[in-house]
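Okay, coords_8.txt now, which holds compact mmCIF, C-alpha atoms:
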# COMPACT_ATOMS: atom_id res chain seq x y z
CA MET A 710 23.90 -5.81 -23.19
CA SER A 711 22.26 -7.97 -25.82
CA ALA A 712 18.61 -8.97 -25.84
CA GLU A 713 17.60 -11.54 -23.25
CA LEU A 714 18.65 -15.08 -24.17
CA THR A 715 16.08 -17.80 -24.70
CA VAL A 716 16.25 -21.09 -22.81
CA ASP A 717 17.48 -22.82 -25.97
CA GLU A 718 20.24 -20.28 -26.46
CA VAL A 719 21.34 -20.68 -22.84
CA ARG A 720 21.33 -24.45 -23.25
CA GLU A 721 23.48 -24.22 -26.37
CA LEU A 722 26.02 -21.99 -24.61
CA ALA A 723 26.11 -24.08 -21.43
CA ALA A 724 26.39 -27.32 -23.40
CA ALA A 725 29.59 -26.07 -25.06
CA VAL A 726 31.42 -25.57 -21.75
CA VAL A 727 34.29 -28.06 -21.54
CA ASP A 728 35.49 -30.19 -18.66
CA PRO A 729 38.64 -28.53 -17.23
CA GLU A 730 40.37 -31.89 -16.69
CA ILE A 731 39.46 -33.42 -20.07
CA PRO A 732 39.10 -30.38 -22.32
CA VAL A 733 38.03 -32.37 -25.39
CA LEU A 734 34.73 -33.22 -23.69
CA THR A 735 31.91 -30.77 -23.21
CA ILE A 736 29.72 -31.08 -20.14
CA GLU A 737 26.99 -32.29 -22.47
CA ASP A 738 29.23 -35.09 -23.82
CA LEU A 739 29.92 -36.10 -20.20
CA GLY A 740 26.28 -36.10 -19.15
CA VAL A 741 27.13 -33.56 -16.44
CA LEU A 742 24.65 -31.03 -17.89
CA ARG A 743 21.25 -32.25 -16.74
CA ALA A 744 18.77 -29.52 -17.58
CA VAL A 745 18.28 -25.92 -18.60
CA LYS A 746 14.85 -24.61 -17.63
CA ARG A 747 13.03 -21.47 -16.73
CA ASP A 748 12.04 -21.27 -13.08
CA THR A 749 8.53 -20.31 -12.00
CA ASP A 750 9.79 -16.78 -11.36
CA GLY A 751 11.18 -16.56 -14.88
CA ARG A 752 14.84 -17.08 -13.99
CA ILE A 753 16.86 -19.54 -16.05
CA VAL A 754 18.33 -22.45 -14.05
CA VAL A 755 21.17 -24.59 -15.37
CA THR A 756 21.35 -27.92 -13.54
CA ILE A 757 24.55 -29.95 -13.40
CA THR A 758 25.56 -33.12 -11.55
CA PRO A 759 29.03 -34.20 -10.35
CA THR A 760 30.72 -37.32 -11.67
CA TYR A 761 32.21 -38.06 -8.21
CA SER A 762 31.27 -36.53 -4.84
CA GLY A 763 34.64 -34.84 -4.49
CA CYS A 764 35.15 -33.82 -8.11
CA PRO A 765 37.05 -30.52 -7.88
CA ALA A 766 36.09 -29.64 -11.47
CA MET A 767 32.53 -28.78 -10.41
CA ASP A 768 33.49 -25.35 -9.08
CA VAL A 769 35.37 -24.56 -12.29
CA ILE A 770 32.49 -25.81 -14.44
CA THR A 771 30.03 -23.68 -12.49
CA ALA A 772 32.25 -20.62 -12.89
CA ASP A 773 32.74 -21.33 -16.61
CA ILE A 774 28.99 -21.62 -17.22
CA ARG A 775 28.40 -18.32 -15.44
CA GLY A 776 31.27 -16.67 -17.31
CA THR A 777 30.12 -17.87 -20.73
CA LEU A 778 26.55 -16.80 -20.14
CA ALA A 779 27.57 -13.46 -18.66
CA ALA A 780 29.72 -12.79 -21.74
CA HIS A 781 26.52 -13.23 -23.78
CA GLY A 782 24.53 -10.88 -21.60
CA ALA A 783 22.81 -13.41 -19.37
CA GLU A 784 23.79 -12.37 -15.84
CA ASP A 785 20.82 -13.61 -13.88
CA VAL A 786 21.26 -17.35 -14.32
CA GLU A 787 21.37 -19.85 -11.48
CA VAL A 788 23.70 -22.85 -11.72
CA ARG A 789 22.35 -25.60 -9.49
CA THR A 790 24.15 -28.81 -8.54
CA VAL A 791 22.03 -31.90 -7.96
CA LEU A 792 23.09 -35.39 -6.83
CA ALA A 793 20.01 -37.37 -7.82
CA PRO A 794 19.79 -39.32 -9.94
CA ALA A 795 23.43 -40.25 -9.42
CA TRP A 796 25.65 -39.72 -12.47
CA THR A 797 26.71 -42.80 -14.36
CA THR A 798 29.09 -43.30 -17.27
CA ASP A 799 26.04 -44.49 -19.25
CA TRP A 800 25.20 -40.81 -19.64
CA MET A 801 28.34 -40.13 -21.59
CA SER A 802 27.39 -39.64 -25.22
CA ASP A 803 28.76 -41.85 -28.01
CA GLN A 804 30.36 -38.75 -29.46
CA GLY A 805 32.01 -38.18 -26.07
CA LYS A 806 33.39 -41.73 -26.07
CA ARG A 807 34.81 -41.26 -29.57
CA LYS A 808 36.45 -38.00 -28.57
CA LEU A 809 38.01 -39.70 -25.55
CA VAL A 810 39.65 -42.37 -27.73
CA GLU A 811 41.02 -39.70 -30.07
CA TYR A 812 42.40 -37.87 -27.02
CA GLY A 813 44.17 -41.05 -25.81
CA ILE A 814 41.80 -42.06 -23.01
CA ALA A 815 40.03 -45.44 -23.16
CA PRO A 816 36.30 -44.77 -22.71
CA PRO A 817 34.21 -46.48 -20.05
CA GLY A 818 32.87 -49.90 -20.98
CA GLU A 819 29.56 -51.31 -19.95
CA ARG A 820 29.11 -51.11 -16.25
CA ARG A 821 28.18 -54.02 -14.05
CA HIS A 822 24.83 -53.75 -12.38
CA ALA A 823 24.82 -52.42 -8.84
CA GLY A 824 24.96 -55.15 -6.26
CA GLY A 825 27.46 -57.22 -8.22
CA PRO A 826 30.25 -58.56 -6.06
CA VAL A 827 33.22 -57.03 -7.81
CA LEU A 828 33.66 -53.85 -9.81
CA ILE A 829 36.46 -55.03 -12.05
CA GLU A 830 35.72 -54.46 -15.71
CA LEU A 831 37.04 -56.22 -18.76
CA ALA A 832 40.35 -54.72 -19.80
CA PRO A 833 39.81 -51.73 -22.10
CA ARG A 834 41.32 -51.56 -25.58
CA CYS A 835 44.45 -49.46 -26.01
CA PRO A 836 43.30 -46.07 -27.41
CA ARG A 837 46.57 -45.76 -29.37
CA CYS A 838 46.97 -49.09 -31.19
CA GLY A 839 43.62 -50.76 -30.51
CA SER A 840 45.15 -53.83 -28.89
CA GLY A 841 43.09 -55.75 -26.37
CA ARG A 842 46.23 -56.89 -24.55
CA THR A 843 46.27 -54.29 -21.82
CA ARG A 844 46.83 -54.50 -18.10
CA MET A 845 45.85 -52.33 -15.18
CA VAL A 846 48.74 -50.44 -13.63
CA SER A 847 46.75 -48.60 -10.99
CA ARG A 848 43.11 -48.65 -9.97
CA PHE A 849 43.31 -44.90 -9.40
CA GLY A 850 44.61 -42.28 -11.79
CA SER A 851 45.17 -38.56 -12.28
CA THR A 852 41.54 -37.75 -11.51
CA ALA A 853 38.81 -39.52 -9.53
CA CYS A 854 37.15 -40.75 -12.72
CA LYS A 855 40.17 -42.52 -14.24
CA SER A 856 42.44 -45.51 -13.71
CA ILE A 857 45.80 -46.22 -15.34
CA TYR A 858 46.50 -49.04 -17.82
CA SER A 859 49.37 -49.96 -20.05
CA CYS A 860 49.33 -51.66 -23.44
CA GLN A 861 51.34 -54.87 -23.77
CA ASP A 862 51.67 -54.48 -27.53
CA CYS A 863 52.60 -50.83 -28.11
CA LEU A 864 53.86 -50.55 -24.50
CA GLU A 865 52.27 -47.13 -24.00
CA PRO A 866 50.56 -46.30 -20.72
CA PHE A 867 47.08 -44.75 -20.97
CA ASP A 868 44.20 -43.47 -18.86
CA HIS A 869 40.94 -45.37 -18.71
CA PHE A 870 37.68 -43.68 -17.76
CA LYS A 871 36.20 -45.97 -15.08
CA ALA A 872 32.67 -47.26 -15.61
CA ILE A 873 30.42 -46.41 -12.69
CA MET B 1426 35.40 -28.07 30.27
CA THR B 1427 31.75 -28.43 31.22
CA ALA B 1428 29.05 -29.07 28.65
CA ALA B 1429 27.63 -25.60 29.33
CA ALA B 1430 30.88 -23.98 28.24
CA SER B 1431 30.48 -25.44 24.78
CA PRO B 1432 28.07 -23.17 22.91
CA ALA B 1433 27.05 -25.54 20.17
CA SER B 1434 27.16 -28.89 21.94
CA THR B 1435 25.79 -31.52 19.59
CA VAL B 1436 23.68 -32.97 22.36
CA GLU B 1437 21.20 -30.17 21.81
CA LEU B 1438 20.95 -30.66 18.05
CA ALA B 1439 17.87 -32.08 16.39
CA PRO B 1440 18.14 -35.83 15.70
CA THR B 1441 18.43 -35.54 11.93
CA VAL B 1442 21.13 -32.86 12.18
CA GLN B 1443 23.02 -35.04 14.63
CA TYR B 1444 22.70 -38.10 12.39
CA VAL B 1445 23.89 -36.28 9.26
CA LEU B 1446 26.81 -34.87 11.26
CA ARG B 1447 27.81 -38.38 12.30
CA LEU B 1448 28.04 -39.50 8.68
CA GLY B 1449 29.84 -36.31 7.65
CA ASP B 1450 32.32 -36.45 10.53
CA ASP B 1451 33.20 -40.07 9.74
CA ALA B 1452 33.95 -39.14 6.14
CA LEU B 1453 35.89 -35.96 6.92
CA VAL B 1454 38.09 -37.44 9.64
CA LEU B 1455 38.99 -40.45 7.50
CA ALA B 1456 39.71 -38.15 4.55
CA GLN B 1457 42.12 -36.21 6.79
CA ARG B 1458 43.83 -39.40 7.95
CA LEU B 1459 44.20 -40.73 4.39
CA GLY B 1460 45.57 -37.38 3.25
CA GLU B 1461 48.51 -37.99 5.59
CA TRP B 1462 49.72 -40.59 3.10
CA SER B 1463 50.16 -37.97 0.41
CA ALA B 1464 53.78 -38.18 -0.82
CA LYS B 1465 54.49 -40.96 1.73
CA ALA B 1466 52.75 -44.06 0.38
CA PRO B 1467 54.84 -47.17 -0.40
CA GLU B 1468 54.56 -46.56 -4.15
CA LEU B 1469 53.37 -43.77 -6.42
CA GLU B 1470 50.20 -45.61 -7.48
CA GLU B 1471 49.16 -46.03 -3.85
CA ASP B 1472 49.88 -42.39 -3.17
CA VAL B 1473 47.42 -41.55 -5.92
CA ALA B 1474 44.94 -44.21 -4.75
CA LEU B 1475 44.84 -43.14 -1.10
CA THR B 1476 44.50 -39.46 -1.93
CA ASN B 1477 41.78 -40.25 -4.49
CA ILE B 1478 39.88 -42.16 -1.81
CA ALA B 1479 40.42 -39.21 0.54
CA LEU B 1480 39.02 -36.90 -2.13
CA ASP B 1481 35.87 -39.02 -2.52
CA LEU B 1482 35.39 -38.97 1.25
CA LEU B 1483 36.03 -35.24 1.40
CA GLY B 1484 33.37 -34.72 -1.26
CA GLN B 1485 30.91 -36.83 0.73
CA ALA B 1486 31.80 -34.92 3.90
CA ARG B 1487 31.28 -31.53 2.25
CA THR B 1488 27.85 -32.50 1.00
CA LEU B 1489 26.86 -34.01 4.36
CA LEU B 1490 28.16 -31.14 6.49
CA SER B 1491 26.55 -28.57 4.19
CA TYR B 1492 23.28 -30.44 4.53
CA ALA B 1493 23.62 -30.65 8.33
CA GLY B 1494 24.19 -26.89 8.37
CA ARG B 1495 21.09 -26.24 6.27
CA LEU B 1496 18.98 -28.53 8.48
CA GLU B 1497 20.27 -26.87 11.63
CA ASP B 1498 19.47 -23.46 10.15
CA ALA B 1499 21.74 -21.62 12.57
CA GLY B 1500 24.07 -20.09 10.02
CA ARG B 1501 26.81 -22.73 10.15
CA ASP B 1502 28.13 -23.77 6.76
CA GLU B 1503 30.45 -26.71 5.92
CA ASP B 1504 33.52 -24.68 6.90
CA ALA B 1505 32.10 -23.61 10.26
CA LEU B 1506 31.28 -27.23 11.04
CA ALA B 1507 34.65 -28.55 9.88
CA PHE B 1508 36.93 -25.90 11.33
CA LEU B 1509 35.21 -24.32 14.31
CA ARG B 1510 33.99 -27.28 16.36
CA ASP B 1511 36.02 -28.55 19.29
CA GLU B 1512 36.81 -32.18 20.00
CA ARG B 1513 33.75 -32.95 22.13
CA ASP B 1514 31.43 -31.73 19.37
CA TRP B 1515 32.71 -34.27 16.84
CA VAL B 1516 30.55 -37.37 16.51
CA ASN B 1517 32.64 -39.64 14.28
CA VAL B 1518 33.41 -43.20 15.29
CA GLN B 1519 36.82 -43.72 16.86
CA LEU B 1520 37.92 -46.13 14.11
CA VAL B 1521 38.36 -43.36 11.53
CA GLU B 1522 40.52 -41.22 13.84
CA GLN B 1523 42.99 -44.02 14.63
CA PRO B 1524 46.53 -43.12 13.56
CA SER B 1525 47.30 -44.43 10.10
CA GLY B 1526 50.22 -46.53 11.38
CA ASP B 1527 51.91 -48.53 8.66
CA PHE B 1528 50.34 -49.40 5.31
CA ALA B 1529 48.84 -52.61 6.72
CA ASP B 1530 47.17 -50.69 9.57
CA THR B 1531 45.69 -48.29 7.04
CA MET B 1532 44.43 -51.14 4.85
CA ALA B 1533 42.82 -52.85 7.86
CA ARG B 1534 41.07 -49.59 8.76
CA GLN B 1535 40.00 -49.22 5.12
CA LEU B 1536 38.63 -52.74 4.93
CA TYR B 1537 36.63 -52.39 8.13
CA PHE B 1538 35.35 -48.90 7.49
CA SER B 1539 34.62 -49.00 3.76
CA GLY B 1540 32.91 -52.36 4.37
CA TYR B 1541 30.69 -50.64 6.93
CA GLN B 1542 30.04 -47.60 4.72
CA TYR B 1543 29.16 -49.89 1.82
CA GLU B 1544 26.46 -51.68 3.82
CA LEU B 1545 25.22 -48.39 5.28
CA TYR B 1546 24.96 -46.38 2.07
CA GLY B 1547 23.57 -49.38 0.21
CA ARG B 1548 20.55 -49.20 2.54
CA LEU B 1549 20.42 -45.43 2.96
CA VAL B 1550 19.57 -45.11 -0.74
CA ASP B 1551 16.02 -45.97 0.36
CA SER B 1552 15.92 -43.26 3.06
CA ALA B 1553 12.71 -41.27 3.40
CA ASP B 1554 14.98 -38.21 3.47
CA GLU B 1555 15.51 -37.50 -0.23
CA THR B 1556 18.77 -35.62 0.23
CA LEU B 1557 20.32 -38.41 2.29
CA ALA B 1558 19.10 -40.95 -0.25
CA ALA B 1559 20.73 -38.97 -3.08
CA ILE B 1560 24.02 -38.58 -1.20
CA ALA B 1561 24.04 -42.32 -0.46
CA ALA B 1562 23.29 -43.29 -4.06
CA LYS B 1563 26.26 -41.21 -5.19
CA ALA B 1564 28.59 -42.36 -2.42
CA VAL B 1565 27.85 -46.09 -2.52
CA LYS B 1566 29.48 -46.42 -5.94
CA GLU B 1567 32.62 -44.72 -4.70
CA VAL B 1568 32.72 -46.73 -1.50
CA ALA B 1569 32.33 -50.02 -3.39
CA TYR B 1570 35.56 -49.13 -5.17
CA HIS B 1571 37.30 -48.24 -1.88
CA ARG B 1572 36.23 -51.52 -0.34
CA ASP B 1573 37.47 -53.47 -3.31
CA HIS B 1574 40.82 -51.65 -3.18
CA ALA B 1575 41.24 -52.49 0.52
CA ALA B 1576 40.22 -56.13 0.02
CA GLN B 1577 42.78 -56.59 -2.75
CA TRP B 1578 45.58 -55.26 -0.56
CA VAL B 1579 44.57 -57.28 2.50
CA ILE B 1580 44.58 -60.43 0.36
CA ARG B 1581 47.84 -59.54 -1.36
CA LEU B 1582 49.65 -58.77 1.89
CA GLY B 1583 48.07 -61.57 3.92
CA ASP B 1584 48.74 -64.21 1.28
CA GLY B 1585 52.18 -62.76 0.55
CA THR B 1586 55.48 -63.19 2.33
CA GLU B 1587 56.00 -64.18 5.94
CA VAL B 1588 56.66 -60.55 6.85
CA SER B 1589 53.71 -59.07 4.95
CA HIS B 1590 51.43 -61.76 6.42
CA ALA B 1591 52.53 -60.97 9.97
CA ARG B 1592 52.18 -57.23 9.50
CA MET B 1593 48.75 -57.49 7.89
CA GLN B 1594 47.61 -59.73 10.74
CA ALA B 1595 48.92 -57.17 13.22
CA GLY B 1596 47.05 -54.41 11.33
CA LEU B 1597 43.76 -56.32 11.52
CA GLU B 1598 44.25 -56.79 15.25
CA ARG B 1599 45.28 -53.22 15.87
CA MET B 1600 42.08 -51.81 14.35
CA TRP B 1601 39.72 -54.56 15.54
CA PRO B 1602 38.94 -53.03 18.98
CA TYR B 1603 37.30 -50.07 17.22
CA VAL B 1604 35.00 -52.19 15.04
CA GLY B 1605 32.34 -52.79 17.70
CA GLU B 1606 31.35 -49.15 17.82
CA LEU B 1607 30.36 -49.18 14.14
CA PHE B 1608 27.40 -51.41 14.90
CA GLU B 1609 26.19 -49.93 18.19
CA SER B 1610 22.98 -48.12 17.43
CA ASP B 1611 21.56 -45.74 20.01
CA GLU B 1612 18.05 -44.40 20.61
CA LEU B 1613 18.59 -41.44 18.29
CA GLU B 1614 19.52 -43.68 15.38
CA ARG B 1615 16.80 -46.25 16.07
CA GLY B 1616 14.21 -43.48 16.28
CA LEU B 1617 15.24 -42.14 12.89
CA ALA B 1618 15.35 -45.68 11.53
CA ARG B 1619 11.73 -46.16 12.56
CA GLN B 1620 10.91 -43.10 10.47
CA ARG B 1621 12.92 -44.70 7.62
CA ILE B 1622 15.33 -41.74 7.63
CA ALA B 1623 18.32 -43.55 9.10
CA VAL B 1624 19.63 -47.11 9.00
CA ASP B 1625 19.91 -49.07 12.25
CA SER B 1626 23.61 -49.88 12.20
CA ALA B 1627 23.16 -52.95 14.41
CA LYS B 1628 21.58 -54.58 11.35
CA LEU B 1629 24.71 -54.02 9.29
CA ARG B 1630 26.93 -56.24 11.39
CA ALA B 1631 25.98 -59.60 9.88
CA PRO B 1632 26.40 -58.70 6.18
CA TRP B 1633 29.57 -56.74 7.05
CA ARG B 1634 31.02 -59.68 8.96
CA GLN B 1635 30.27 -62.08 6.13
CA TYR B 1636 32.17 -59.94 3.63
CA VAL B 1637 35.12 -59.26 5.94
CA ASP B 1638 35.38 -62.93 6.90
CA GLU B 1639 35.54 -63.94 3.23
CA VAL B 1640 38.34 -61.47 2.52
CA ILE B 1641 40.27 -62.44 5.63
CA ALA B 1642 39.95 -66.14 4.87
CA GLU B 1643 41.17 -65.63 1.30
CA ALA B 1644 44.09 -63.62 2.73
CA THR B 1645 44.96 -66.64 4.95
CA LEU B 1646 44.55 -64.32 7.94
CA SER B 1647 42.24 -64.58 10.93
CA ILE B 1648 40.33 -62.51 13.41
CA THR B 1649 41.59 -63.39 16.85
CA GLU B 1650 38.50 -63.77 18.99
CA GLY B 1651 38.77 -62.38 22.49
CA LEU B 1652 40.66 -59.20 21.58
CA TRP B 1653 39.70 -56.30 23.79
CA THR B 1654 36.98 -53.95 22.63
CA ALA B 1655 37.48 -50.22 22.97
CA PRO B 1656 34.81 -48.56 25.13
CA GLY B 1657 33.78 -46.36 22.19
CA GLY B 1658 31.72 -43.23 22.61
CA GLY B 1659 32.66 -41.38 19.43
CA ARG B 1660 28.99 -40.73 18.66
CA ARG B 1661 28.76 -38.94 22.03
CA GLY B 1662 31.85 -36.83 21.40
CA ILE B 1663 34.31 -39.03 23.26
CA HIS B 1664 37.53 -39.52 21.34
CA THR B 1665 40.91 -41.17 21.61
CA GLU B 1666 44.14 -39.39 22.38
CA SER B 1667 45.33 -38.79 18.85
CA PHE B 1668 42.13 -37.07 17.71
CA GLY B 1669 42.98 -33.70 19.24
CA TYR B 1670 46.23 -33.60 17.27
CA LEU B 1671 44.37 -34.43 14.06
CA LEU B 1672 41.92 -31.58 14.67
CA ALA B 1673 44.74 -29.18 15.53
CA GLU B 1674 46.42 -29.88 12.21
CA MET B 1675 43.17 -29.69 10.26
CA GLN B 1676 41.81 -26.56 11.91
CA HIS B 1677 44.74 -24.36 12.83
CA LEU B 1678 45.04 -22.54 9.50
CA HIS B 1679 41.37 -21.61 9.39
CA ARG B 1680 41.39 -20.55 13.03
CA SER B 1681 44.61 -18.57 12.72
CA HIS B 1682 43.40 -16.79 9.60
CA PRO B 1683 39.61 -16.66 9.83
CA GLY B 1684 37.97 -16.69 6.41
CA ALA B 1685 41.20 -17.60 4.60
CA ARG B 1686 40.57 -18.94 1.10
CA TRP B 1687 42.76 -20.58 -1.52

Kindly return the structure encoded in the file as C-alpha cells.
Amino acid sequence: MSAELTVDEVRELAAAVVDPEIPVLTIEDLGVLRAVKRDTDGRIVVTITPTYSGCPAMDVITADIRGTLAAHGAEDVEVRTVLAPAWTTDWMSDQGKRKLVEYGIAPPGERRHAGGPVLIELAPRCPRCGSGRTRMVSRFGSTACKSIYSCQDCLEPFDHFKAI
Amino acid sequence: MTAAASPASTVELAPTVQYVLRLGDDALVLAQRLGEWSAKAPELEEDVALTNIALDLLGQARTLLSYAGRLEDAGRDEDALAFLRDERDWVNVQLVEQPSGDFADTMARQLYFSGYQYELYGRLVDSADETLAAIAAKAVKEVAYHRDHAAQWVIRLGDGTEVSHARMQAGLERMWPYVGELFESDELERGLARQRIAVDSAKLRAPWRQYVDEVIAEATLSITEGLWTAPGGGRRGIHTESFGYLLAEMQHLHRSHPGARW
C-alpha cells in the first residue's frame, strides 16, 4: 500500500479514465468528471454526471474509477453520480472535440438554446474528408449520444455526437 | 383481491412518493413497450431509434424509482419497485401501457406522450424538490428529441401515400381515448403543485394541444372530435387488459430467480 493519495493525485488518476464507448475520450474530455474533493470527514469524493439518463457507460466508468484508484492504493474513495446541473455538450473540451474528429466521429456543434422549437442542427462536417455535404441517415445511432450521417462526397458513413 | 391483501398498496404512500412513482411508472412502462420493437422495427434505423428512446426512458425510470424508494424509506430499491409490485400498485397512465400495434400506432402514442412529458418536465425544472428538478432538467432534453422524432414520422406518414395516411389517421384515433387521462389532475397532484413540488397536469393541456394540432395539421391528418374517452384510472392503479401481460413478461425472470443479476 502506497502513501495516501492527495486530492490532486486522485483527480489526475480519475481524469485519465476513458469512456468505454468512445475510448479516445477521457471522462475529463467529455465533461463527465465534475469534481474531486475531500469530504468533511476526510474521505475523497469523485463526482461524475451522466451524458444521458440511461447511459449504460456510467456503471463501467464508476467501476473503472474505483479500479484505477484502488490500484494506486486509494481504496476508500466514493464515486458519486449527480444530475444537476444537467450535462451539456458545451462541457466537452476542445481537445476532446479534436480527438473525436481524429477518431472518425463528428463533434457536437453549437447547441440551440433550450426552448427553441426544433432540435435539428446544421449538418456536421465529414470527419474523414472535411466536406460539408453530409446528410443525416438516422437521428439515433450506436449509443444514446450519437446520430448517423453519411458524406455525399467521400460516401463514407460516420457518427455524429449530438449537441444537447 | 381486496386492498388489504396488498401489503404495499400505493394508496397509503406519502404524496411525494406517490407522485414520483407516477412519473417513474410512466417512463418504465413505455420503455418496456418500446423495447418490444427491438429487432422488429420497419427498418434498422428505427430499430435503433426506438430502443434508444426506450433506453432514455429506462434511465429516467431508474432514477425516479430509486428516488421514490429513498423517499419512502422502507427498504425498496428500484428493482423492488419495478419487479415486485402487482398490477394494482402501478400508477402509470393507461396510454403508455397500450399495445404497440403497428408502427403508426406506436408513433401516435409517442407523439401524444412525449408531447405531454415535454410540457411536464419543462415546468418541473422549477420544482421546489431539487432532485425532481434535476431529473427533469436532464430528461427534458431527451424528451424534446423523442417528441421531434415522433412528429417527423407522423408528418411523413400522414402526408405520404394513401395507405400511410389512412394508417396514421387510424393510429391517432386508436390512442386518442387515452389522452384525456394525461391532463386529469387529482387532489394529490394539486396539493403538491401548491407546494411547487409537482406540476398541475391540467395546465399542460393547452400548450400540448397547440403543439399536437400543428403537427397533425402539417401531416394533413385530423383529430376526430367525439371519439370515446377511456374511463382512465391508471393513477389509482386501474389498468387495461394488456397491462397484466406486460408486467408478467417484465417481472417473471426476477420473480422466478430472486436477486438474479446480469

Write out as a PDB file with C-alpha atoms, in the coordinates of the input every residue belonging to chain A that has an atom at most 8 Å from any atom of chain B, counting only C-alpha atoms.
ATOM      1  CA  TYR A 761      32.210 -38.060  -8.210  1.00  0.00           C
ATOM      2  CA  SER A 762      31.270 -36.530  -4.840  1.00  0.00           C
ATOM      3  CA  GLY A 763      34.640 -34.840  -4.490  1.00  0.00           C
ATOM      4  CA  CYS A 764      35.150 -33.820  -8.110  1.00  0.00           C
ATOM      5  CA  LEU A 792      23.090 -35.390  -6.830  1.00  0.00           C
ATOM      6  CA  ALA A 793      20.010 -37.370  -7.820  1.00  0.00           C
ATOM      7  CA  PRO A 794      19.790 -39.320  -9.940  1.00  0.00           C
ATOM      8  CA  ALA A 795      23.430 -40.250  -9.420  1.00  0.00           C
ATOM      9  CA  TRP A 796      25.650 -39.720 -12.470  1.00  0.00           C
ATOM     10  CA  VAL A 827      33.220 -57.030  -7.810  1.00  0.00           C
ATOM     11  CA  LEU A 828      33.660 -53.850  -9.810  1.00  0.00           C
ATOM     12  CA  VAL A 846      48.740 -50.440 -13.630  1.00  0.00           C
ATOM     13  CA  SER A 847      46.750 -48.600 -10.990  1.00  0.00           C
ATOM     14  CA  ARG A 848      43.110 -48.650  -9.970  1.00  0.00           C
ATOM     15  CA  PHE A 849      43.310 -44.900  -9.400  1.00  0.00           C
ATOM     16  CA  GLY A 850      44.610 -42.280 -11.790  1.00  0.00           C
ATOM     17  CA  SER A 851      45.170 -38.560 -12.280  1.00  0.00           C
ATOM     18  CA  THR A 852      41.540 -37.750 -11.510  1.00  0.00           C
ATOM     19  CA  ALA A 853      38.810 -39.520  -9.530  1.00  0.00           C
ATOM     20  CA  ILE A 873      30.420 -46.410 -12.690  1.00  0.00           C
TER      21      ILE A 873
END

Go ahead and compute the interatomic distance for atom CA of A:Val755 and atom CA of A:Val788, in Å to one decimal.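 Rounded to one decimal, the two atoms are 4.8 Å apart.
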
Any idea what the distance is between atom CA of A:Pro765 and atom CA of A:Ser859?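 Separation between atom CA of A:Pro765 and atom CA of A:Ser859: 26.0 Å.
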
Just checking: using all atoms listed in the file, which residue out of A:Leu739, A:Ile774, A:Leu734, A:Ala724 ends up closest to A:Ser802?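 Going through A:Leu739, A:Ile774, A:Leu734, A:Ala724 one by one, the smallest distance to A:Ser802 is for A:Leu739.
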
Please return, as a ChimeraX atom specification, all polymer residues that have at least one atom within 10 Å of the point (27.1, -39.8, 10.5); use all atoms listed in the file and the file's own coordinate frame. /B:1441-1452,1486,1489-1490,1516-1518,1614,1623,1660

Which residues come within 9 Å of B:Leu1582, counting all atoms listed in the file, excluding same-chain residues fewer than 2 positions away, as a PyMOL selection string? chain B and resi 1529+1577-1580+1584-1586+1588-1593+1644

Box time for stretch 751-766 of chain A: axis-aligned, enclosing all its listed atoms, 3 Å extra on each side; report centre and edge lengths in Å to one decimal, as JSON.
{"center_x": 24.1, "center_y": -27.3, "center_z": -10.3, "size_x": 31.9, "size_y": 27.5, "size_z": 17.6}

Quick check, in Å to one decimal: how far apart do atom CA of B:Pro1632 and atom CA of B:Gly1540 lie?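 About the pair atom CA of B:Pro1632 and atom CA of B:Gly1540: they are 9.3 Å apart.
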
Using all atoms listed in the file, find the one residue out of A:Glu784, A:Ser840, A:Leu809, A:Lys871 that sits nearest to A:Cys854. A:Lys871

Of the candidates A:His781, A:Arg842, A:Lys808, A:Arg752, which shows the shortest atom-to-atom distance to A:Ile731, using all atoms listed in the file?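 Ranking A:His781, A:Arg842, A:Lys808, A:Arg752 by distance to A:Ile731, first place goes to A:Lys808.
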
Surrounding residues of B:Gln1635 excluding itself and chain neighbours under 6 positions, 12 Å, only C-alpha atoms, as a list in words: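 Here the answer would be Tyr1537, Gly1540, Tyr1541, Glu1544, Leu1629, Ile1641 and Ala1642 of chain B.
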
Can you tell me, as an mmCIF file with C-alpha atoms, in the frame of the given file, what residues are no more than 12 Å from A:Thr715 when counting only C-alpha atoms, ignoring any on the same chain fewer than 2 positions away?
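part34.cif written:
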data_model
loop_
_atom_site.group_PDB
_atom_site.id
_atom_site.type_symbol
_atom_site.label_atom_id
_atom_site.label_comp_id
_atom_site.auth_asym_id
_atom_site.auth_seq_id
_atom_site.Cartn_x
_atom_site.Cartn_y
_atom_site.Cartn_z
ATOM 1 C CA SER A 711 22.260 -7.970 -25.820
ATOM 2 C CA ALA A 712 18.610 -8.970 -25.840
ATOM 3 C CA GLU A 713 17.600 -11.540 -23.250
ATOM 4 C CA ASP A 717 17.480 -22.820 -25.970
ATOM 5 C CA GLU A 718 20.240 -20.280 -26.460
ATOM 6 C CA VAL A 719 21.340 -20.680 -22.840
ATOM 7 C CA ARG A 720 21.330 -24.450 -23.250
ATOM 8 C CA GLU A 721 23.480 -24.220 -26.370
ATOM 9 C CA LEU A 722 26.020 -21.990 -24.610
ATOM 10 C CA VAL A 745 18.280 -25.920 -18.600
ATOM 11 C CA LYS A 746 14.850 -24.610 -17.630
ATOM 12 C CA ARG A 747 13.030 -21.470 -16.730
ATOM 13 C CA GLY A 751 11.180 -16.560 -14.880
ATOM 14 C CA ARG A 752 14.840 -17.080 -13.990
ATOM 15 C CA ILE A 753 16.860 -19.540 -16.050
ATOM 16 C CA VAL A 754 18.330 -22.450 -14.050
ATOM 17 C CA LEU A 778 26.550 -16.800 -20.140
ATOM 18 C CA HIS A 781 26.520 -13.230 -23.780
ATOM 19 C CA GLY A 782 24.530 -10.880 -21.600
ATOM 20 C CA ALA A 783 22.810 -13.410 -19.370
ATOM 21 C CA VAL A 786 21.260 -17.350 -14.320
#

The residues within 10 Å of (35.3, -54.1, 24.7), using all atoms listed in the file and the coordinates of the file, should be reported as a ChimeraX atom specification; which are they? /B:1602-1606,1651-1657

Would you save the residues from that selection as a CSV table (one decimal), in the frame of the given file, using C-alpha atoms?
chain,number,residue,atom,x,y,z
B,1602,PRO,CA,38.9,-53.0,19.0
B,1603,TYR,CA,37.3,-50.1,17.2
B,1604,VAL,CA,35.0,-52.2,15.0
B,1605,GLY,CA,32.3,-52.8,17.7
B,1606,GLU,CA,31.4,-49.2,17.8
B,1651,GLY,CA,38.8,-62.4,22.5
B,1652,LEU,CA,40.7,-59.2,21.6
B,1653,TRP,CA,39.7,-56.3,23.8
B,1654,THR,CA,37.0,-54.0,22.6
B,1655,ALA,CA,37.5,-50.2,23.0
B,1656,PRO,CA,34.8,-48.6,25.1
B,1657,GLY,CA,33.8,-46.4,22.2
